[in-house]
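Raw contents of target.txt, compact mmCIF, C-alpha atoms and all ligand atoms:
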# COMPACT_ATOMS: atom_id res chain seq x y z
CA MET A 4 31.50 -30.58 -98.52
CA THR A 5 30.30 -27.23 -97.19
CA GLU A 6 31.14 -25.92 -93.78
CA LEU A 7 27.53 -26.29 -92.72
CA THR A 8 27.49 -29.95 -93.76
CA ASN A 9 30.76 -30.54 -91.89
CA ASP A 10 29.59 -28.85 -88.70
CA ILE A 11 26.31 -30.69 -88.68
CA ARG A 12 27.96 -34.00 -89.44
CA ALA A 13 30.29 -33.49 -86.45
CA ASN A 14 27.30 -32.69 -84.24
CA ILE A 15 25.45 -35.79 -85.43
CA ASP A 16 28.50 -37.99 -84.80
CA GLY A 17 28.90 -36.56 -81.29
CA ILE A 18 25.26 -37.13 -80.44
CA ARG A 19 25.18 -40.64 -81.91
CA ASN A 20 28.18 -41.46 -79.74
CA ARG A 21 26.40 -40.24 -76.64
CA ILE A 22 23.26 -42.15 -77.64
CA ASP A 23 25.30 -45.34 -78.01
CA LYS A 24 26.90 -44.88 -74.59
CA ALA A 25 23.60 -44.15 -72.87
CA ALA A 26 22.00 -47.20 -74.50
CA GLN A 27 24.89 -49.47 -73.54
CA LYS A 28 24.90 -48.16 -69.99
CA SER A 29 21.29 -49.26 -69.60
CA GLY A 30 21.61 -52.56 -71.48
CA ARG A 31 19.71 -51.39 -74.54
CA LYS A 32 20.57 -51.52 -78.22
CA PRO A 33 21.54 -48.17 -79.78
CA ALA A 34 19.46 -49.16 -82.82
CA ASP A 35 16.36 -49.09 -80.61
CA VAL A 36 16.70 -45.34 -80.17
CA GLN A 37 15.74 -43.10 -83.07
CA LEU A 38 17.28 -39.67 -83.33
CA MET A 39 14.79 -37.07 -84.46
CA ALA A 40 16.19 -33.76 -85.68
CA VAL A 41 13.92 -30.93 -84.60
CA THR A 42 14.13 -28.35 -87.38
CA LYS A 43 11.74 -25.56 -86.35
CA LYS A 44 13.13 -22.18 -87.44
CA LYS A 45 15.86 -23.92 -89.46
CA SER A 46 16.39 -23.51 -93.19
CA ALA A 47 16.17 -25.96 -96.05
CA ASP A 48 19.99 -25.99 -96.21
CA VAL A 49 20.19 -27.16 -92.60
CA ILE A 50 17.62 -29.86 -93.31
CA ARG A 51 19.57 -31.04 -96.34
CA ALA A 52 22.81 -31.12 -94.32
CA LEU A 53 21.10 -33.20 -91.62
CA TYR A 54 19.92 -35.62 -94.28
CA GLU A 55 23.40 -35.88 -95.73
CA GLY A 56 24.65 -36.65 -92.22
CA GLY A 57 22.29 -39.62 -92.04
CA ILE A 58 19.24 -38.16 -90.26
CA ARG A 59 15.98 -39.73 -91.43
CA SER A 60 13.56 -38.55 -88.73
CA PHE A 61 12.54 -34.89 -88.69
CA GLY A 62 10.28 -32.99 -86.28
CA GLU A 63 8.54 -29.69 -86.94
CA ASN A 64 6.27 -27.59 -84.69
CA TYR A 65 4.46 -25.11 -86.91
CA PRO A 66 2.57 -26.37 -89.97
CA ASP A 67 2.69 -22.96 -91.71
CA GLU A 68 6.45 -22.92 -91.39
CA THR A 69 6.72 -26.54 -92.51
CA GLN A 70 4.74 -25.65 -95.61
CA THR A 71 7.40 -23.09 -96.58
CA LYS A 72 9.92 -25.95 -96.44
CA GLN A 73 7.69 -28.43 -98.22
CA ALA A 74 9.96 -28.55 -101.27
CA VAL A 75 12.99 -29.77 -99.36
CA PHE A 76 11.02 -32.39 -97.45
CA GLU A 77 9.52 -33.63 -100.71
CA GLU A 78 12.93 -33.70 -102.36
CA LEU A 79 14.18 -35.96 -99.52
CA HIS A 80 10.94 -37.74 -99.08
CA LEU A 81 11.99 -41.29 -99.78
CA GLY A 82 12.96 -42.87 -96.52
CA ILE A 83 12.29 -40.01 -94.15
CA GLU A 84 9.60 -39.66 -91.51
CA LEU A 85 8.36 -36.12 -90.96
CA SER A 86 6.58 -35.75 -87.62
CA MET A 87 4.48 -32.93 -86.26
CA ILE A 88 5.59 -32.42 -82.64
CA GLY A 89 3.84 -29.13 -81.78
CA HIS A 90 0.46 -28.13 -80.44
CA LEU A 91 -2.07 -28.30 -83.26
CA GLN A 92 -4.58 -25.51 -83.80
CA SER A 93 -7.81 -26.82 -85.28
CA ARG A 94 -7.59 -24.67 -88.39
CA LYS A 95 -4.24 -26.27 -89.26
CA LEU A 96 -5.67 -29.76 -89.24
CA ASP A 97 -5.88 -30.16 -93.00
CA LEU A 98 -2.32 -28.98 -93.43
CA VAL A 99 -1.03 -31.48 -90.88
CA CYS A 100 -2.86 -34.34 -92.61
CA LYS A 101 -1.34 -33.31 -95.91
CA LEU A 102 2.27 -32.53 -94.89
CA PHE A 103 3.17 -34.98 -92.15
CA ASP A 104 3.78 -38.70 -91.86
CA SER A 105 3.02 -38.85 -88.16
CA TYR A 106 1.71 -36.72 -85.33
CA HIS A 107 3.67 -37.03 -82.09
CA ALA A 108 1.77 -34.61 -79.87
CA LEU A 109 -1.89 -35.61 -79.96
CA ASN A 110 -3.31 -33.83 -76.93
CA ARG A 111 -7.12 -33.55 -77.23
CA LEU A 112 -9.92 -35.97 -78.04
CA ASN A 113 -11.73 -33.53 -80.32
CA VAL A 114 -8.57 -33.03 -82.39
CA ALA A 115 -8.23 -36.81 -82.71
CA THR A 116 -11.82 -37.10 -83.93
CA ARG A 117 -11.39 -34.35 -86.51
CA LEU A 118 -8.01 -35.60 -87.62
CA ASN A 119 -9.48 -39.04 -88.19
CA LYS A 120 -12.34 -37.58 -90.27
CA THR A 121 -9.97 -35.62 -92.53
CA LEU A 122 -7.65 -38.61 -92.87
CA MET A 123 -10.57 -40.80 -93.90
CA GLU A 124 -11.51 -38.27 -96.57
CA ILE A 125 -8.04 -38.28 -98.09
CA GLY A 126 -7.51 -42.01 -97.55
CA LYS A 127 -4.48 -41.76 -95.30
CA LYS A 128 -3.60 -43.43 -92.01
CA MET A 129 -1.44 -41.66 -89.49
CA PRO A 130 0.65 -43.02 -86.61
CA VAL A 131 0.19 -40.87 -83.49
CA MET A 132 1.71 -40.48 -80.08
CA ILE A 133 -0.36 -39.36 -77.13
CA GLU A 134 1.06 -36.30 -75.38
CA ILE A 135 1.18 -36.50 -71.60
CA ASN A 136 1.60 -33.44 -69.38
CA ILE A 137 3.74 -35.47 -67.01
CA GLY A 138 4.64 -32.56 -64.73
CA ASP A 139 1.03 -31.30 -64.65
CA GLU A 140 2.21 -27.86 -65.78
CA PRO A 141 -0.46 -25.26 -66.60
CA ASN A 142 1.48 -23.89 -69.61
CA LYS A 143 1.89 -27.30 -71.25
CA HIS A 144 -0.42 -29.44 -73.34
CA GLY A 145 -1.35 -33.07 -73.04
CA TRP A 146 -3.28 -35.27 -70.63
CA ALA A 147 -2.33 -34.80 -66.99
CA VAL A 148 -2.29 -37.99 -64.94
CA ASP A 149 -1.49 -36.66 -61.50
CA THR A 150 -4.89 -37.24 -59.86
CA GLU A 151 -7.29 -40.18 -60.03
CA ASN A 152 -9.83 -38.03 -61.92
CA ASN A 153 -7.25 -37.00 -64.47
CA ARG A 154 -6.12 -40.58 -64.97
CA GLN A 155 -9.72 -41.67 -65.51
CA ALA A 156 -10.19 -38.90 -68.10
CA TYR A 157 -7.01 -39.98 -69.87
CA PHE A 158 -8.09 -43.61 -70.09
CA THR A 159 -11.63 -42.68 -71.14
CA ASP A 160 -10.38 -40.39 -73.93
CA LEU A 161 -7.79 -42.92 -75.03
CA ALA A 162 -10.48 -45.61 -75.34
CA GLU A 163 -12.30 -43.31 -77.77
CA ILE A 164 -9.13 -42.51 -79.72
CA LEU A 165 -8.37 -46.20 -80.11
CA LYS A 166 -11.68 -46.64 -81.92
CA LEU A 167 -10.68 -44.17 -84.67
CA PRO A 168 -9.69 -46.29 -87.67
CA ASN A 169 -7.30 -43.86 -89.38
CA LEU A 170 -5.19 -43.12 -86.32
CA GLU A 171 -2.63 -45.67 -85.15
CA VAL A 172 -1.58 -45.00 -81.58
CA TYR A 173 2.03 -46.13 -81.28
CA GLY A 174 3.41 -44.40 -78.22
CA LEU A 175 3.49 -41.70 -75.56
CA MET A 176 5.29 -38.38 -75.82
CA SER A 177 6.11 -35.79 -73.19
CA LEU A 178 8.05 -32.63 -72.52
CA PRO A 179 8.73 -32.71 -68.76
CA PRO A 180 9.56 -29.67 -66.61
CA TYR A 181 12.91 -28.07 -67.33
CA PHE A 182 15.70 -28.30 -64.76
CA GLU A 183 19.20 -26.92 -64.87
CA ASN A 184 20.40 -30.34 -63.74
CA PRO A 185 18.92 -32.99 -66.06
CA GLU A 186 19.11 -35.64 -63.31
CA GLN A 187 16.08 -33.91 -61.81
CA THR A 188 14.08 -34.79 -64.91
CA ARG A 189 14.62 -38.51 -64.41
CA PRO A 190 11.63 -39.07 -62.07
CA TYR A 191 9.33 -37.66 -64.76
CA PHE A 192 10.76 -39.96 -67.39
CA ILE A 193 10.23 -42.89 -65.01
CA LYS A 194 6.63 -41.83 -64.42
CA LEU A 195 6.01 -41.78 -68.16
CA ARG A 196 7.58 -45.19 -68.66
CA GLU A 197 5.37 -46.60 -65.91
CA LEU A 198 2.32 -44.97 -67.47
CA ARG A 199 3.14 -46.64 -70.76
CA GLU A 200 3.26 -50.05 -69.03
CA GLU A 201 0.01 -49.37 -67.21
CA THR A 202 -1.65 -48.18 -70.43
CA GLU A 203 -0.58 -51.28 -72.32
CA LYS A 204 -2.06 -53.51 -69.61
CA THR A 205 -5.24 -51.54 -69.03
CA MET A 206 -6.09 -51.10 -72.71
CA SER A 207 -4.60 -54.39 -73.97
CA ILE A 208 -2.54 -52.60 -76.60
CA GLU A 209 1.10 -52.29 -77.51
CA LEU A 210 2.82 -48.94 -77.28
CA PRO A 211 6.25 -49.50 -78.77
CA HIS A 212 7.33 -45.87 -78.56
CA LEU A 213 8.30 -43.43 -75.85
CA SER A 214 9.30 -40.02 -77.22
CA ILE A 215 11.21 -38.21 -74.47
CA GLY A 216 14.47 -36.32 -74.17
CA THR A 217 15.73 -33.15 -75.87
CA SER A 218 19.19 -31.60 -76.28
CA VAL A 219 19.59 -31.16 -72.53
CA ASP A 220 18.51 -34.56 -71.23
CA PHE A 221 18.38 -37.17 -74.01
CA GLU A 222 20.90 -39.46 -72.32
CA ILE A 223 18.82 -39.75 -69.17
CA ALA A 224 15.71 -40.24 -71.31
CA ILE A 225 17.44 -43.16 -73.06
CA GLU A 226 18.40 -44.71 -69.73
CA GLU A 227 14.72 -44.57 -68.82
CA GLY A 228 13.45 -46.14 -72.03
CA ALA A 229 13.20 -43.47 -74.74
CA THR A 230 12.82 -45.00 -78.19
CA TRP A 231 12.81 -41.60 -79.84
CA VAL A 232 14.76 -38.53 -78.73
CA ARG A 233 13.92 -35.10 -80.12
CA VAL A 234 17.07 -33.05 -80.52
CA GLY A 235 17.22 -29.51 -81.93
CA THR A 236 19.87 -27.09 -80.71
CA ALA A 237 22.51 -29.72 -79.95
CA LEU A 238 22.38 -30.71 -83.64
CA THR A 239 21.96 -27.39 -85.38
CA GLY A 240 22.90 -24.68 -82.90
CA PRO A 241 20.70 -22.09 -81.20
CA ARG A 242 17.43 -21.01 -82.79
CA VAL A 243 17.42 -17.31 -83.58
C1 LIG B 301 11.88 -27.58 -79.88
C2 LIG B 301 11.47 -28.89 -79.34
C3 LIG B 301 12.42 -29.89 -79.08
C4 LIG B 301 13.92 -29.70 -79.25
O1 LIG B 301 14.45 -28.93 -78.23
P1 LIG B 301 16.04 -28.64 -78.18
O2 LIG B 301 16.22 -28.07 -76.83
O3 LIG B 301 16.32 -27.68 -79.27
O4 LIG B 301 16.73 -29.93 -78.35
C5 LIG B 301 11.96 -31.12 -78.63
N1 LIG B 301 10.65 -31.35 -78.43
C6 LIG B 301 9.71 -30.42 -78.67
C7 LIG B 301 8.29 -30.75 -78.44
C8 LIG B 301 10.09 -29.17 -79.12
O5 LIG B 301 9.15 -28.24 -79.34
Take the structure from the file and write it as C-alpha cells.
Ligand SMILES: *Cc1c(COP(=O)(O)O)cnc(C)c1O
Amino acid sequence: MTELTNDIRANIDGIRNRIDKAAQKSGRKPADVQLMAVTKKKSADVIRALYEGGIRSFGENYPDETQTKQAVFEELHLGIELSMIGHLQSRKLDLVCKLFDSYHALNRLNVATRLNKTLMEIGKKMPVMIEINIGDEPNKHGWAVDTENNRQAYFTDLAEILKLPNLEVYGLMSLPPYFENPEQTRPYFIKLRELREETEKTMSIELPHLSIGTSVDFEIAIEEGATWVRVGTALTGPRV
C-alpha cells in the first residue's frame, strides 16, 4: 500500500469513528449517515485512495475540473455516487447532466427547469437536493427562509420544481455561516431540520436527506439529523 493510501485510510477510520460516536450520542444509527468525500482540487490518485479506503460517495464543485477527472470516476463507477455540490453556471448544465449522478445544490427555479429539459433529452433522471441559505448570507446561494416573503417564494418555487418529471427532490442541503466554535452552528442546523419537517408537511412529500456538516462541524450536524456529511480537508488534507 502506498503512503497516500495509508494516510487516507487512517483519516477515513478516524472520521468514521467520530461519525459513529456522534450518531450513538443522539440515538441514531451510524449507517444512516453517509460520508461524502469532497474532492475539489484533489487528484485522481487521492480519489482512488479514498475509494480503496471504502468511500463510495464523492462530491465535486466545478464541472470543468470534474471533467478532467472523468476517467478515474468512470473507472470506479460501479457502486459510487458522484454528486455536484457547487453553484451551477447555466452554461455548465449539459456537463452536469452528463457527468453527475446527483445534484446536491439546486438553488434556482430556472436552473431546475433547464436541467429537467436537458435530462429529458438524454433520458436520465437525477436526484436533487434543494440548497437553503439558512443564515441568509449575501455571498451564499440557495433559498433564504428568514422572512415570510422569502418562505413563500421558497414554497412557490419548490411546488414548481416538484412538477418536473426528471428531477427527484430527495432532501435539503445547506452551508451555514462559519464559526470558530462549531457549537455556534448548531442553531442553523436545527433551523434546517425544522424546515425539512415543515416542507414535508406543507408539500406532502418525503425528504429523506439532510446534507449538512463539513470537516469542522460534522459531528454537530449528525446530532441534529444530518444523513449526509460533506467532508474535504479532514479526509485529504488542505486544498492548495
Ligand atoms: C468544499 C466544500 C465542502 C468541504 O469542506 P471541508 O471544509 O474541506 O470539509 C463541503 N461542502 C461544500 C458545499 C463545499 O464546497
Counting only C-alpha atoms and all ligand atoms, which of A:Asn64, A:Asn169, A:Thr205, A:Gln187 gets nearest to ligand LIG 301 (chain B)?
-> A:Asn64
Just the residues within 12 Å of segment 18-31 of chain A, please, counting only C-alpha atoms, with nothing from its chain fewer than 4 positions along; format it as JSON, numbers by chain.
-> {"A": [11, 12, 13, 14, 35, 36, 37, 38, 39, 40, 56, 57, 58, 216, 217, 218, 219, 220, 221, 222, 223, 224, 225, 226, 227, 228, 229, 230, 231, 232, 233, 234, 235, 236, 237, 238, 239]}
Could you please determine the separation between atom CA of Ile83 of chain A and atom CA of Pro130 of chain A in Å, to one decimal place?
-> 14.2 Å
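Atom CA of His144 of chain A to atom CA of Asn110 of chain A spans 6.4 Å [interatomic distance, one decimal].
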Pairwise distance for atom CA of Ile193 of chain A and atom CA of Leu109 of chain A, rounded to one decimal in Å | 20.6 Å
Closest to Val75 of chain A among A:Ala47, A:Gly89, A:Glu200, A:Ala52, using all atoms listed in the file?
->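 Between A:Ala47, A:Gly89, A:Glu200, A:Ala52, the residue approaching Val75 of chain A most closely is A:Ala47.
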Which of these, A:Met87, A:Ile125, A:Ala156, A:Leu112, has the shortest distance to ligand LIG 301 (chain B) once you count all atoms listed in the file?
-> A:Met87
Within 9 Å of (1.2, -40.9, -90.4) (coordinates as in the file), grab all the protein and nucleic acid residues, counting only C-alpha atoms, and write them out as a PyMOL selection string.
-> chain A and resi 84-86+100+103-106+127-131+170-171
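Distances to ligand LIG 301 (chain B) were evaluated for A:Ser207, A:Thr159, A:Asn113, A:Ser177 using all atoms listed in the file, and the minimum falls at A:Ser177.
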Leaving out segment 132-139 of chain A and any residue of its chain fewer than 4 positions from it, which residues lie within 8 Å of it when counting all atoms listed in the file, given as an NGL selection string?
-> :A and (106-110 or 143-149 or 172-180 or 191 or 194-195 or 212)
